[in-house]
Amino acid sequence: MLGGFDGRKETMKFRTLAAVAALATVTFAAQAHGPTRQKVSESIEINAPADKVWAIVGNFQDGSWIPVVEKTEGKGGNEVKATRTLTLKGGATVEEELAKYDAEKKTLMYRITKVDVKTLPVNDYSSTIEVEGDGAKTKMTWRGAFYRGYMNNDPPPELNDEASKKAVSGLYKASLENVKAKAEKGS
Amino acid sequence: MMRKAGVFRFTRRARRPSSPPTRGKGRIGAWGLVWMALPSAPALAQEALVTAQLGNAVEIVDLASKKILQSIPVPGAPAGIALSPDRKTAYVTRPEGHGVSVIDLDARKVRASLDLPGGPLGIGVNPTSGEVYVADWYGTRVFVLRPTTDGLTLEGEIATGKSPSGIAVTPNGAALLVANRESDSVSIIDVASRRETRRVPVGQHPFGLTLSADGATAYTANVVSNDVSAIDIGAGRETGRVTTGQRPYVIAFAAGKGFVTDQYSNTVTVFDPATLKALAAIDVGDHPEGVAATRDGKTIVVANWGDNSLSLIDPSSLAVTGTVPTGDGPRAFGDFLR
């Protein structure tokens with residue numbers, strides 16, 4: 001959000017959230033998170049073979065299928081513990097680490113190691129990408145597990161569980177649509 | 001978590017031979033006779049009481065048939081659970097709804113509710129007095145609640161370290177132990193005076209806390225240092241550690257072994273409590289959280305938060321013997337089997 005992943009929020013909201021985030025830091029310096037981890041799962045059916053879809057999303061060092069990503073820089077390839085830094089349109093960055101990678105099963109899991117809640121309102125975020133082929137068709141699923149952006153009690157609406165889920169869900173849907181369009185083009 | 005089923009099964013299991021009818025005397029022998037007399041009856045109706053946090057419900061699951069007998073709506077993201085000494089009442093924390101719900105397990109209904117400040121999460125019951133202790137995740141305190149005919153009343157609070165999480169009470173009801181997640185320590189509290197008497201440093205971010213059956217040793221699952229700390233309660237010090245998978249969460253005991261849920265590894269680490277050596281890692285579901293042993297000590301039950309299921313493990317063979325679907329986001333953080 002906030003000129004970050006979902007790219008829809010206006011400047012005024014950005015300021016409000018920045019203030020809230022600053023307050024949260026002051027009142028709760030310890031790195032605890034909320035008590036309720038959230039989950040989001042989105043999937044899409046793509047009219048293209050799984051190999052073609054995996055070629056688009058299966059390289060951890062290339063996040064260009066996520067629409068808001070401008071640049072991917074990283075090291076370690078597709079090995080577990082490989083890292084990458086996504087630079088988003090607008091300049092915000094997200095640091096991530098690969099936790100699981102299985103080219104055979106066409107699935108990978110990674111964690112965000114550093115992100116500003118102004119970019120994506122989440123804490124302790126992990127996500128799994130799965131590509132399941134069925135002949136000429138493919139089902140791609142993107143699942144995430146995370147805590148809300150606000151780490152203290154009684155979150156403001158901008159950083160509560162619902163807002164966090166909405167931001168992640170919006171990111172997933174836009175990205176899946178983008179992969180579908182890419183994979184189906186010229187196939 | 002005090003009286004965590006697993007802990008008790010641990011010793012009972014150790015004393016019990018594998019075929020009860022061969023036992024000649026004692027309570028176990030009598031149980032064996034009952035089983036022999038009623039061969040077609042289920043040994044014991046064993047239930048899991050699962051807090052489905054994202055589903056805002058507590059589910060009563062029959063472990064034999066692997067079916068949900070009843071889903072009881074509980075708003076406020078129910079997470080922690082503990083049972084009364086007679087196992088007829090469940091106390092469930094609501095960290096988002098800020099309180100505790102009291103569930104009559106025979107009637108399968110919410111009987112009462114108490115609002116609390118802060119973020120009630122970890123919960124335990126004193127096995128002798130029935131007092132209920134609730135940890136405030138956002139604070140540095142444990143609430144003391146007294147059961148009444150109407151439900152629960154808030155009696156007071158006890159100061160702890162930061163982000164108190166897992167709770168256990170020694171079998172004699174005299175000492176309360178609290179894992180202080182953000183203080184990397186365990187508070188040992190004198191129940192009578194409601195004061196912390198010792199604070200024991202452990203690994204990083206202890207969350208679940210489980211006692212040995214004799215109440216002499218406590219074990220914490222340290223989510224950041226990826227290990228389990230063993231604590232000599234009498235001496236007030238950590239005596240050793242076991243390396244686990246990633247993000248260990250809660251510990252249970254059965255068949256002479258410890259079982260630790262590893263949230264990020266999707267495994268259960270098995271260890272020997274005597275030697276503090278890891279023995280095995282068992283693959284379970286996505287984001288395993290709550291874990292406990294059934295009362296007969298023959299099954300370890302794991303709540304898989306990510307894929308909405310329970311994994312059933314045979315603690316002797318270490319095989320996964322079954323899976324039970326649950327509602328959304330099962331946590332079952334605490335004493336959830338009866």
# chains A, B, ... in the order shown; residues from 1 in each chain; ligands from 1

$ residues_around --residues "A:Val40" --least-positions-apart "5" --cutoff "8 Å" --atoms "only C-alpha atoms" --output "ChimeraX atom specification"
/A:143-145,165,168-169

$ interface_residues --of "chain B" --to "chain A" --cutoff "8 Å" --atoms "only C-alpha atoms" --output "PyMOL selection string"
chain B and resi 53-54+77+95-96+118-119+121+137-138+163+182+306

$ write_last_selection --atoms "N, CA and C atoms" --output "CSV table (one decimal), in the first residue's frame"
chain,number,residue,atom,x,y,z
B,53,GLN,N,-8.9,-20.2,15.1
B,53,GLN,CA,-8.8,-18.8,15.4
B,53,GLN,C,-9.4,-17.9,14.2
B,54,LEU,N,-9.1,-18.3,13.0
B,54,LEU,CA,-9.7,-17.5,11.9
B,54,LEU,C,-11.1,-17.8,11.6
B,77,ALA,N,-11.3,-14.2,17.7
B,77,ALA,CA,-10.0,-14.9,17.4
B,77,ALA,C,-9.6,-15.8,18.5
B,95,PRO,N,-7.9,-13.1,22.1
B,95,PRO,CA,-7.0,-12.0,22.0
B,95,PRO,C,-7.5,-10.8,21.3
B,96,GLU,N,-8.4,-11.0,20.3
B,96,GLU,CA,-8.9,-9.8,19.6
B,96,GLU,C,-10.2,-9.3,20.3
B,118,GLY,N,-6.0,-5.7,27.5
B,118,GLY,CA,-4.8,-6.3,26.9
B,118,GLY,C,-5.1,-7.3,25.8
B,119,GLY,N,-4.2,-8.3,25.7
B,119,GLY,CA,-4.3,-9.3,24.7
B,119,GLY,C,-4.3,-10.7,25.3
B,121,LEU,N,-4.0,-14.4,25.8
B,121,LEU,CA,-3.5,-15.4,24.8
B,121,LEU,C,-3.2,-16.7,25.5
B,137,TRP,N,-0.5,-10.8,26.3
B,137,TRP,CA,0.5,-10.8,25.3
B,137,TRP,C,1.1,-9.5,25.1
B,138,TYR,N,0.4,-8.4,25.3
B,138,TYR,CA,0.9,-7.1,25.0
B,138,TYR,C,1.5,-6.5,26.3
B,163,SER,N,5.6,-9.8,27.2
B,163,SER,CA,4.8,-10.7,26.3
B,163,SER,C,4.7,-12.1,26.9
B,182,GLU,N,9.2,-11.9,25.1
B,182,GLU,CA,10.1,-10.8,24.7
B,182,GLU,C,11.2,-10.5,25.7
B,306,GLY,N,-2.0,-23.8,9.1
B,306,GLY,CA,-2.0,-23.4,7.7
B,306,GLY,C,-3.0,-24.2,6.8

$ closest_residue --among "A:Val53, A:Met140, A:Leu86, A:Ile46" --to "A:Glu70" --atoms "only C-alpha atoms"
A:Leu86

$ select_by_dssp --residues "chain A" --states "helix (DSSP H, G or I)" --output "MDAnalysis selection string"
chainID A and resid 11:27 50:57 157:159 161:184

$ write_last_selection --atoms "N, CA and C atoms" --output "compact mmCIF listing (two decimals), in the first residue's frame"
# COMPACT_ATOMS: atom_id res chain seq x y z
N THR A 11 -1.83 10.11 -1.21
CA THR A 11 -0.80 10.66 -0.33
C THR A 11 -1.30 10.90 1.10
N MET A 12 -2.53 11.38 1.24
CA MET A 12 -3.01 11.70 2.57
C MET A 12 -2.99 10.46 3.48
N LYS A 13 -3.44 9.39 2.92
CA LYS A 13 -3.46 8.15 3.69
C LYS A 13 -2.04 7.72 4.05
N PHE A 14 -1.17 7.93 3.13
CA PHE A 14 0.24 7.62 3.34
C PHE A 14 0.73 8.31 4.61
N ARG A 15 0.42 9.59 4.72
CA ARG A 15 0.89 10.36 5.88
C ARG A 15 0.28 9.80 7.18
N THR A 16 -0.99 9.52 7.14
CA THR A 16 -1.66 8.98 8.33
C THR A 16 -0.97 7.70 8.78
N LEU A 17 -0.72 6.84 7.82
CA LEU A 17 -0.14 5.55 8.14
C LEU A 17 1.28 5.70 8.65
N ALA A 18 2.01 6.61 8.06
CA ALA A 18 3.38 6.83 8.51
C ALA A 18 3.37 7.27 9.96
N ALA A 19 2.43 8.14 10.29
CA ALA A 19 2.33 8.62 11.67
C ALA A 19 1.98 7.47 12.61
N VAL A 20 1.06 6.66 12.19
CA VAL A 20 0.66 5.51 13.00
C VAL A 20 1.83 4.57 13.21
N ALA A 21 2.56 4.33 12.15
CA ALA A 21 3.70 3.42 12.24
C ALA A 21 4.75 3.96 13.21
N ALA A 22 4.98 5.25 13.15
CA ALA A 22 5.95 5.87 14.05
C ALA A 22 5.50 5.72 15.50
N LEU A 23 4.23 5.93 15.73
CA LEU A 23 3.66 5.80 17.06
C LEU A 23 3.84 4.37 17.57
N ALA A 24 3.57 3.44 16.69
CA ALA A 24 3.69 2.03 17.07
C ALA A 24 5.11 1.73 17.51
N THR A 25 6.08 2.29 16.82
CA THR A 25 7.48 2.05 17.15
C THR A 25 7.79 2.58 18.55
N VAL A 26 7.23 3.74 18.85
CA VAL A 26 7.50 4.37 20.14
C VAL A 26 6.87 3.56 21.28
N THR A 27 5.62 3.16 21.07
CA THR A 27 4.91 2.53 22.18
C THR A 27 5.25 1.06 22.36
N ALA A 50 1.98 -25.84 -17.76
CA ALA A 50 2.63 -25.49 -16.49
C ALA A 50 4.08 -25.06 -16.68
N ASP A 51 4.79 -25.69 -17.62
CA ASP A 51 6.20 -25.32 -17.84
C ASP A 51 6.33 -23.85 -18.23
N LYS A 52 5.37 -23.41 -19.02
CA LYS A 52 5.42 -22.01 -19.47
C LYS A 52 5.16 -21.06 -18.30
N VAL A 53 4.22 -21.44 -17.44
CA VAL A 53 3.92 -20.60 -16.27
C VAL A 53 5.10 -20.62 -15.29
N TRP A 54 5.67 -21.80 -15.08
CA TRP A 54 6.80 -21.91 -14.15
C TRP A 54 8.00 -21.12 -14.66
N ALA A 55 8.16 -21.06 -15.99
CA ALA A 55 9.26 -20.28 -16.55
C ALA A 55 9.11 -18.80 -16.21
N ILE A 56 7.88 -18.37 -16.00
CA ILE A 56 7.64 -16.96 -15.67
C ILE A 56 7.84 -16.69 -14.17
N VAL A 57 7.35 -17.61 -13.33
CA VAL A 57 7.34 -17.32 -11.89
C VAL A 57 8.36 -18.13 -11.09
N PRO A 157 -7.62 1.21 11.77
CA PRO A 157 -8.18 0.51 10.61
C PRO A 157 -7.19 0.33 9.47
N GLU A 158 -6.28 1.27 9.32
CA GLU A 158 -5.34 1.20 8.19
C GLU A 158 -4.34 0.07 8.33
N LEU A 159 -4.15 -0.43 9.55
CA LEU A 159 -3.13 -1.46 9.77
C LEU A 159 -3.70 -2.67 10.50
N ASP A 161 -6.14 -6.33 10.80
CA ASP A 161 -6.10 -7.61 10.09
C ASP A 161 -6.75 -7.50 8.71
N GLU A 162 -7.89 -6.82 8.66
CA GLU A 162 -8.60 -6.72 7.39
C GLU A 162 -7.78 -5.95 6.35
N ALA A 163 -7.17 -4.85 6.78
CA ALA A 163 -6.38 -4.04 5.85
C ALA A 163 -5.18 -4.83 5.33
N SER A 164 -4.57 -5.62 6.21
CA SER A 164 -3.41 -6.41 5.78
C SER A 164 -3.82 -7.47 4.77
N LYS A 165 -4.93 -8.13 5.07
CA LYS A 165 -5.41 -9.17 4.14
C LYS A 165 -5.78 -8.56 2.79
N LYS A 166 -6.40 -7.38 2.83
CA LYS A 166 -6.84 -6.73 1.60
C LYS A 166 -5.63 -6.36 0.74
N ALA A 167 -4.61 -5.84 1.38
CA ALA A 167 -3.41 -5.44 0.63
C ALA A 167 -2.75 -6.66 -0.02
N VAL A 168 -2.62 -7.74 0.74
CA VAL A 168 -1.97 -8.94 0.21
C VAL A 168 -2.82 -9.56 -0.89
N SER A 169 -4.11 -9.63 -0.64
CA SER A 169 -5.01 -10.21 -1.64
C SER A 169 -4.97 -9.41 -2.94
N GLY A 170 -4.95 -8.08 -2.83
CA GLY A 170 -4.89 -7.23 -4.02
C GLY A 170 -3.60 -7.46 -4.79
N LEU A 171 -2.51 -7.58 -4.05
CA LEU A 171 -1.21 -7.85 -4.68
C LEU A 171 -1.25 -9.19 -5.43
N TYR A 172 -1.79 -10.21 -4.77
CA TYR A 172 -1.83 -11.55 -5.38
C TYR A 172 -2.69 -11.56 -6.65
N LYS A 173 -3.88 -10.97 -6.53
CA LYS A 173 -4.80 -11.00 -7.68
C LYS A 173 -4.20 -10.29 -8.89
N ALA A 174 -3.64 -9.12 -8.68
CA ALA A 174 -3.06 -8.36 -9.79
C ALA A 174 -1.90 -9.13 -10.41
N SER A 175 -1.11 -9.78 -9.57
CA SER A 175 0.05 -10.52 -10.07
C SER A 175 -0.38 -11.75 -10.85
N LEU A 176 -1.38 -12.46 -10.34
CA LEU A 176 -1.86 -13.66 -11.03
C LEU A 176 -2.45 -13.30 -12.39
N GLU A 177 -3.19 -12.21 -12.44
CA GLU A 177 -3.74 -11.75 -13.72
C GLU A 177 -2.62 -11.43 -14.70
N ASN A 178 -1.57 -10.85 -14.17
CA ASN A 178 -0.43 -10.50 -15.00
C ASN A 178 0.27 -11.75 -15.56
N VAL A 179 0.43 -12.76 -14.70
CA VAL A 179 1.04 -14.01 -15.15
C VAL A 179 0.17 -14.67 -16.21
N LYS A 180 -1.11 -14.67 -15.98
CA LYS A 180 -2.05 -15.26 -16.95
C LYS A 180 -1.92 -14.58 -18.31
N ALA A 181 -1.90 -13.26 -18.28
CA ALA A 181 -1.80 -12.51 -19.53
C ALA A 181 -0.48 -12.82 -20.24
N LYS A 182 0.60 -12.87 -19.46
CA LYS A 182 1.92 -13.16 -20.06
C LYS A 182 1.96 -14.56 -20.65
N ALA A 183 1.46 -15.54 -19.89
CA ALA A 183 1.57 -16.93 -20.31
C ALA A 183 0.67 -17.24 -21.50
N GLU A 184 -0.47 -16.58 -21.53
CA GLU A 184 -1.42 -16.89 -22.61
C GLU A 184 -1.09 -16.14 -23.90

$ closest_residue --among "A:Lys89, A:Arg148, A:Leu98, A:Lys105" --to "A:Pro67" --atoms "only C-alpha atoms"
A:Lys89

$ closest_residue --among "A:Asp124, A:Glu45, A:Glu96, A:Asp116" --to "A:Gly76" --atoms "only C-alpha atoms"
A:Glu96

$ closest_residue --among "A:Leu108, A:Glu97, A:Ile44, A:Ala92" --to "A:Gly74" --atoms "only C-alpha atoms"
A:Glu97

$ atom_distance --atom1 "atom CA of B:Ser165" --atom2 "atom CA of B:Thr51"
16.2 Å

$ closest_residue --among "B:Gln70, B:Ser65, B:Thr170, B:Thr275" --to "B:Ala213" --atoms "only C-alpha atoms"
B:Thr170

$ residues_around --residues "B:Leu177" --least-positions-apart "4" --cutoff "12 Å" --atoms "only C-alpha atoms" --output "mmCIF file with N, CA and C atoms, in the first residue's frame"
data_model
loop_
_atom_site.group_PDB
_atom_site.id
_atom_site.type_symbol
_atom_site.label_atom_id
_atom_site.label_comp_id
_atom_site.auth_asym_id
_atom_site.auth_seq_id
_atom_site.Cartn_x
_atom_site.Cartn_y
_atom_site.Cartn_z
ATOM 1 N N MET B 1 -1.960 -24.688 30.224
ATOM 2 C CA MET B 1 -1.115 -25.775 29.787
ATOM 3 C C MET B 1 -0.693 -26.629 30.961
ATOM 4 N N MET B 2 -0.837 -26.105 32.138
ATOM 5 C CA MET B 2 -0.503 -26.965 33.253
ATOM 6 C C MET B 2 -1.374 -28.158 33.098
ATOM 7 N N GLY B 122 -2.115 -16.789 26.223
ATOM 8 C CA GLY B 122 -1.786 -18.008 26.957
ATOM 9 C C GLY B 122 -2.700 -18.173 28.160
ATOM 10 N N ILE B 123 -3.033 -19.433 28.482
ATOM 11 C CA ILE B 123 -3.956 -19.664 29.600
ATOM 12 C C ILE B 123 -3.629 -20.988 30.267
ATOM 13 N N GLY B 124 -3.834 -21.028 31.583
ATOM 14 C CA GLY B 124 -3.617 -22.264 32.327
ATOM 15 C C GLY B 124 -4.526 -22.310 33.532
ATOM 16 N N VAL B 125 -4.703 -23.518 34.064
ATOM 17 C CA VAL B 125 -5.569 -23.703 35.221
ATOM 18 C C VAL B 125 -4.758 -24.366 36.336
ATOM 19 N N ASN B 126 -4.964 -23.891 37.555
ATOM 20 C CA ASN B 126 -4.318 -24.514 38.703
ATOM 21 C C ASN B 126 -5.012 -25.843 38.988
ATOM 22 N N TYR B 133 -5.324 -18.743 35.028
ATOM 23 C CA TYR B 133 -4.311 -17.715 34.787
ATOM 24 C C TYR B 133 -4.281 -17.382 33.292
ATOM 25 N N VAL B 134 -4.310 -16.092 32.995
ATOM 26 C CA VAL B 134 -4.346 -15.661 31.596
ATOM 27 C C VAL B 134 -3.225 -14.657 31.349
ATOM 28 N N ALA B 135 -2.390 -14.941 30.355
ATOM 29 C CA ALA B 135 -1.255 -14.060 30.055
ATOM 30 C C ALA B 135 -1.681 -12.955 29.099
ATOM 31 N N VAL B 142 0.054 -11.466 34.283
ATOM 32 C CA VAL B 142 -0.859 -12.604 34.162
ATOM 33 C C VAL B 142 -2.071 -12.274 35.025
ATOM 34 N N ILE B 158 -0.585 -10.686 38.278
ATOM 35 C CA ILE B 158 0.775 -10.973 38.752
ATOM 36 C C ILE B 158 1.747 -10.414 37.719
ATOM 37 N N ALA B 159 2.767 -9.695 38.168
ATOM 38 C CA ALA B 159 3.751 -9.119 37.253
ATOM 39 C C ALA B 159 4.671 -10.208 36.708
ATOM 40 N N THR B 160 4.959 -10.115 35.394
ATOM 41 C CA THR B 160 5.851 -11.075 34.728
ATOM 42 C C THR B 160 6.833 -10.306 33.853
ATOM 43 N N GLY B 161 7.566 -11.042 32.996
ATOM 44 C CA GLY B 161 8.380 -10.401 31.972
ATOM 45 C C GLY B 161 7.498 -9.945 30.814
ATOM 46 N N PRO B 164 4.154 -12.217 28.118
ATOM 47 C CA PRO B 164 3.973 -13.552 28.681
ATOM 48 C C PRO B 164 3.138 -14.410 27.722
ATOM 49 N N SER B 165 3.552 -15.672 27.578
ATOM 50 C CA SER B 165 2.944 -16.534 26.549
ATOM 51 C C SER B 165 2.445 -17.829 27.163
ATOM 52 N N GLY B 166 3.254 -18.895 27.050
ATOM 53 C CA GLY B 166 2.837 -20.179 27.592
ATOM 54 C C GLY B 166 2.842 -20.181 29.115
ATOM 55 N N ILE B 167 1.892 -20.931 29.690
ATOM 56 C CA ILE B 167 1.703 -20.985 31.140
ATOM 57 C C ILE B 167 1.641 -22.440 31.575
ATOM 58 N N ALA B 168 2.210 -22.737 32.730
ATOM 59 C CA ALA B 168 2.024 -24.059 33.326
ATOM 60 C C ALA B 168 2.009 -23.922 34.836
ATOM 61 N N VAL B 169 1.311 -24.833 35.486
ATOM 62 C CA VAL B 169 1.260 -24.864 36.945
ATOM 63 C C VAL B 169 1.762 -26.232 37.386
ATOM 64 N N THR B 170 2.580 -26.252 38.428
ATOM 65 C CA THR B 170 3.094 -27.539 38.906
ATOM 66 C C THR B 170 1.930 -28.394 39.424
ATOM 67 N N PRO B 171 2.076 -29.735 39.381
ATOM 68 C CA PRO B 171 0.966 -30.616 39.769
ATOM 69 C C PRO B 171 0.454 -30.350 41.187
ATOM 70 N N GLY B 173 0.092 -27.498 42.478
ATOM 71 C CA GLY B 173 -0.614 -26.223 42.470
ATOM 72 C C GLY B 173 0.143 -25.076 43.112
ATOM 73 N N SER B 185 12.901 -15.271 28.900
ATOM 74 C CA SER B 185 13.014 -15.818 30.253
ATOM 75 C C SER B 185 11.730 -16.539 30.654
ATOM 76 N N VAL B 186 11.834 -17.234 31.787
ATOM 77 C CA VAL B 186 10.674 -17.869 32.395
ATOM 78 C C VAL B 186 10.512 -17.309 33.806
ATOM 79 N N SER B 187 9.303 -16.870 34.131
ATOM 80 C CA SER B 187 9.004 -16.434 35.493
ATOM 81 C C SER B 187 8.512 -17.630 36.293
ATOM 82 N N ILE B 188 9.114 -17.842 37.454
ATOM 83 C CA ILE B 188 8.603 -18.838 38.397
ATOM 84 C C ILE B 188 7.887 -18.053 39.493
ATOM 85 N N ILE B 189 6.599 -18.335 39.643
ATOM 86 C CA ILE B 189 5.747 -17.528 40.520
ATOM 87 C C ILE B 189 5.203 -18.382 41.653
ATOM 88 N N ASP B 190 5.281 -17.831 42.847
ATOM 89 C CA ASP B 190 4.695 -18.490 44.010
ATOM 90 C C ASP B 190 3.193 -18.197 43.992
ATOM 91 N N VAL B 191 2.392 -19.259 43.841
ATOM 92 C CA VAL B 191 0.950 -19.084 43.685
ATOM 93 C C VAL B 191 0.331 -18.441 44.927
ATOM 94 N N ARG B 194 1.382 -14.844 45.009
ATOM 95 C CA ARG B 194 1.212 -14.217 43.697
ATOM 96 C C ARG B 194 2.381 -13.307 43.349
ATOM 97 N N ARG B 195 3.573 -13.789 43.625
ATOM 98 C CA ARG B 195 4.772 -13.023 43.290
ATOM 99 C C ARG B 195 5.780 -13.892 42.563
ATOM 100 N N GLU B 196 6.491 -13.240 41.643
ATOM 101 C CA GLU B 196 7.584 -13.919 40.962
ATOM 102 C C GLU B 196 8.707 -14.132 41.965
ATOM 103 N N THR B 197 9.166 -15.382 42.074
ATOM 104 C CA THR B 197 10.251 -15.661 43.006
ATOM 105 C C THR B 197 11.579 -15.800 42.276
ATOM 106 N N ARG B 198 11.513 -16.215 41.005
ATOM 107 C CA ARG B 198 12.749 -16.335 40.220
ATOM 108 C C ARG B 198 12.437 -16.020 38.778
ATOM 109 N N ARG B 199 13.474 -15.550 38.092
ATOM 110 C CA ARG B 199 13.349 -15.388 36.646
ATOM 111 C C ARG B 199 14.530 -16.092 35.992
ATOM 112 N N VAL B 200 14.225 -17.063 35.162
ATOM 113 C CA VAL B 200 15.259 -17.928 34.596
ATOM 114 C C VAL B 200 15.495 -17.567 33.126
ATOM 115 N N PRO B 206 10.892 -17.545 24.144
ATOM 116 C CA PRO B 206 10.156 -18.751 24.552
ATOM 117 C C PRO B 206 8.648 -18.530 24.413
ATOM 118 N N PHE B 207 7.968 -19.505 23.852
ATOM 119 C CA PHE B 207 6.513 -19.364 23.652
ATOM 120 C C PHE B 207 5.766 -20.453 24.421
ATOM 121 N N GLY B 208 5.730 -21.663 23.905
ATOM 122 C CA GLY B 208 5.070 -22.741 24.638
ATOM 123 C C GLY B 208 5.899 -23.169 25.842
ATOM 124 N N LEU B 209 5.199 -23.553 26.925
ATOM 125 C CA LEU B 209 5.898 -24.025 28.136
ATOM 126 C C LEU B 209 5.158 -25.247 28.664
ATOM 127 N N THR B 210 5.882 -26.337 28.843
ATOM 128 C CA THR B 210 5.279 -27.599 29.296
ATOM 129 C C THR B 210 6.132 -28.183 30.414
ATOM 130 N N LEU B 211 5.470 -28.785 31.395
ATOM 131 C CA LEU B 211 6.189 -29.393 32.520
ATOM 132 C C LEU B 211 6.333 -30.898 32.345
ATOM 133 N N GLY B 215 6.587 -32.428 37.631
ATOM 134 C CA GLY B 215 6.604 -31.003 37.923
ATOM 135 C C GLY B 215 7.983 -30.471 38.271
ATOM 136 N N ALA B 216 9.015 -31.257 38.043
ATOM 137 C CA ALA B 216 10.367 -30.824 38.412
ATOM 138 C C ALA B 216 11.076 -30.072 37.288
ATOM 139 N N THR B 217 10.680 -30.370 36.074
ATOM 140 C CA THR B 217 11.363 -29.783 34.926
ATOM 141 C C THR B 217 10.362 -29.074 34.029
ATOM 142 N N ALA B 218 10.748 -27.902 33.544
ATOM 143 C CA ALA B 218 9.926 -27.190 32.569
ATOM 144 C C ALA B 218 10.681 -27.124 31.251
ATOM 145 N N TYR B 219 9.929 -27.122 30.172
ATOM 146 C CA TYR B 219 10.527 -27.027 28.839
ATOM 147 C C TYR B 219 9.870 -25.864 28.097
ATOM 148 N N THR B 220 10.686 -25.018 27.484
ATOM 149 C CA THR B 220 10.123 -23.943 26.671
ATOM 150 C C THR B 220 10.535 -24.145 25.222
ATOM 151 N N ILE B 231 14.484 -26.614 32.018
ATOM 152 C CA ILE B 231 14.712 -25.817 33.225
ATOM 153 C C ILE B 231 14.490 -26.682 34.453
ATOM 154 N N ASP B 232 15.457 -26.690 35.338
ATOM 155 C CA ASP B 232 15.297 -27.311 36.649
ATOM 156 C C ASP B 232 14.556 -26.293 37.522
ATOM 157 N N ILE B 233 13.296 -26.573 37.816
ATOM 158 C CA ILE B 233 12.469 -25.571 38.494
ATOM 159 C C ILE B 233 12.976 -25.310 39.915
ATOM 160 N N GLY B 234 13.341 -26.377 40.619
ATOM 161 C CA GLY B 234 13.815 -26.214 41.992
ATOM 162 C C GLY B 234 15.086 -25.388 42.064
ATOM 163 N N GLY B 236 16.055 -23.383 39.714
ATOM 164 C CA GLY B 236 15.837 -22.100 39.063
ATOM 165 C C GLY B 236 16.850 -21.787 37.981
#

$ atom_distance --atom1 "atom CA of B:Ala52" --atom2 "atom CA of B:Thr326"
7.5 Å

$ atom_distance --atom1 "atom CA of A:Gly133" --atom2 "atom CA of A:Ala48"
8.7 Å

$ select_by_dssp --residues "chain A" --states "strand (DSSP E or B)" --output "JSON, numbers by chain"
{"A": [38, 39, 40, 41, 42, 43, 44, 45, 46, 69, 70, 71, 72, 73, 74, 75, 83, 84, 85, 86, 87, 88, 93, 94, 95, 96, 97, 98, 99, 100, 101, 102, 107, 108, 109, 110, 111, 112, 113, 114, 122, 123, 124, 125, 126, 127, 128, 129, 130, 131, 132, 133, 134, 137, 138, 139, 140, 141, 142, 143, 144, 145, 146, 147, 148]}

$ write_last_selection --atoms "C-alpha atoms" --output "short mmCIF file (atom, residue, chain, number, x, y, z; two decimals), in the first residue's frame"
data_model
loop_
_atom_site.label_atom_id
_atom_site.label_comp_id
_atom_site.auth_asym_id
_atom_site.auth_seq_id
_atom_site.Cartn_x
_atom_site.Cartn_y
_atom_site.Cartn_z
CA GLN A 38 -3.70 -14.17 8.91
CA LYS A 39 -3.79 -16.17 5.72
CA VAL A 40 -4.63 -15.26 2.15
CA SER A 41 -4.87 -17.62 -0.80
CA GLU A 42 -5.58 -16.65 -4.40
CA SER A 43 -5.46 -18.81 -7.47
CA ILE A 44 -6.08 -18.49 -11.18
CA GLU A 45 -6.59 -20.80 -14.10
CA ILE A 46 -4.24 -20.17 -16.97
CA VAL A 69 8.22 -4.69 -9.14
CA GLU A 70 10.65 -2.60 -11.14
CA LYS A 71 13.89 -4.41 -10.39
CA THR A 72 15.08 -7.65 -8.77
CA GLU A 73 18.57 -7.91 -7.35
CA GLY A 74 19.75 -10.90 -5.40
CA LYS A 75 22.19 -13.70 -4.85
CA THR A 83 18.08 -13.61 -1.13
CA ARG A 84 16.57 -10.95 -3.29
CA THR A 85 15.68 -7.30 -3.00
CA LEU A 86 12.68 -6.14 -4.95
CA THR A 87 12.67 -2.47 -5.86
CA LEU A 88 9.14 -1.30 -6.46
CA THR A 93 12.21 -2.01 -1.40
CA VAL A 94 11.31 -5.44 -0.06
CA GLU A 95 13.96 -7.90 1.12
CA GLU A 96 13.16 -11.58 0.83
CA GLU A 97 14.72 -14.98 1.46
CA LEU A 98 13.97 -18.26 -0.25
CA ALA A 99 12.93 -20.96 2.24
CA LYS A 100 11.90 -23.87 0.00
CA TYR A 101 12.32 -24.55 -3.70
CA ASP A 102 11.15 -27.59 -5.65
CA THR A 107 6.57 -24.79 -5.89
CA LEU A 108 8.60 -22.32 -3.88
CA MET A 109 8.28 -20.63 -0.51
CA TYR A 110 9.94 -17.47 0.67
CA ARG A 111 9.80 -14.99 3.51
CA ILE A 112 9.97 -11.24 3.66
CA THR A 113 12.95 -10.39 5.84
CA LYS A 114 12.49 -6.62 5.65
CA VAL A 122 2.47 -7.10 7.23
CA ASN A 123 4.85 -8.68 9.75
CA ASP A 124 6.45 -12.14 9.69
CA TYR A 125 5.25 -12.70 6.15
CA SER A 126 5.80 -15.96 4.30
CA SER A 127 4.35 -17.02 0.98
CA THR A 128 4.11 -20.09 -1.20
CA ILE A 129 3.70 -20.27 -4.95
CA GLU A 130 2.35 -23.45 -6.54
CA VAL A 131 1.98 -24.23 -10.22
CA GLU A 132 -0.14 -27.28 -11.05
CA GLY A 133 -0.38 -28.42 -14.64
CA ASP A 134 -3.27 -30.22 -16.28
CA LYS A 137 -4.15 -25.70 -18.56
CA THR A 138 -2.48 -24.64 -15.36
CA LYS A 139 -3.67 -23.63 -11.94
CA MET A 140 -1.42 -21.19 -10.19
CA THR A 141 -1.91 -20.56 -6.48
CA TRP A 142 -0.25 -17.92 -4.30
CA ARG A 143 -0.71 -18.31 -0.56
CA GLY A 144 0.51 -16.03 2.20
CA ALA A 145 0.74 -16.19 6.00
CA PHE A 146 1.46 -13.03 7.99
CA TYR A 147 0.58 -10.85 10.92
CA ARG A 148 -1.06 -7.46 10.50
#
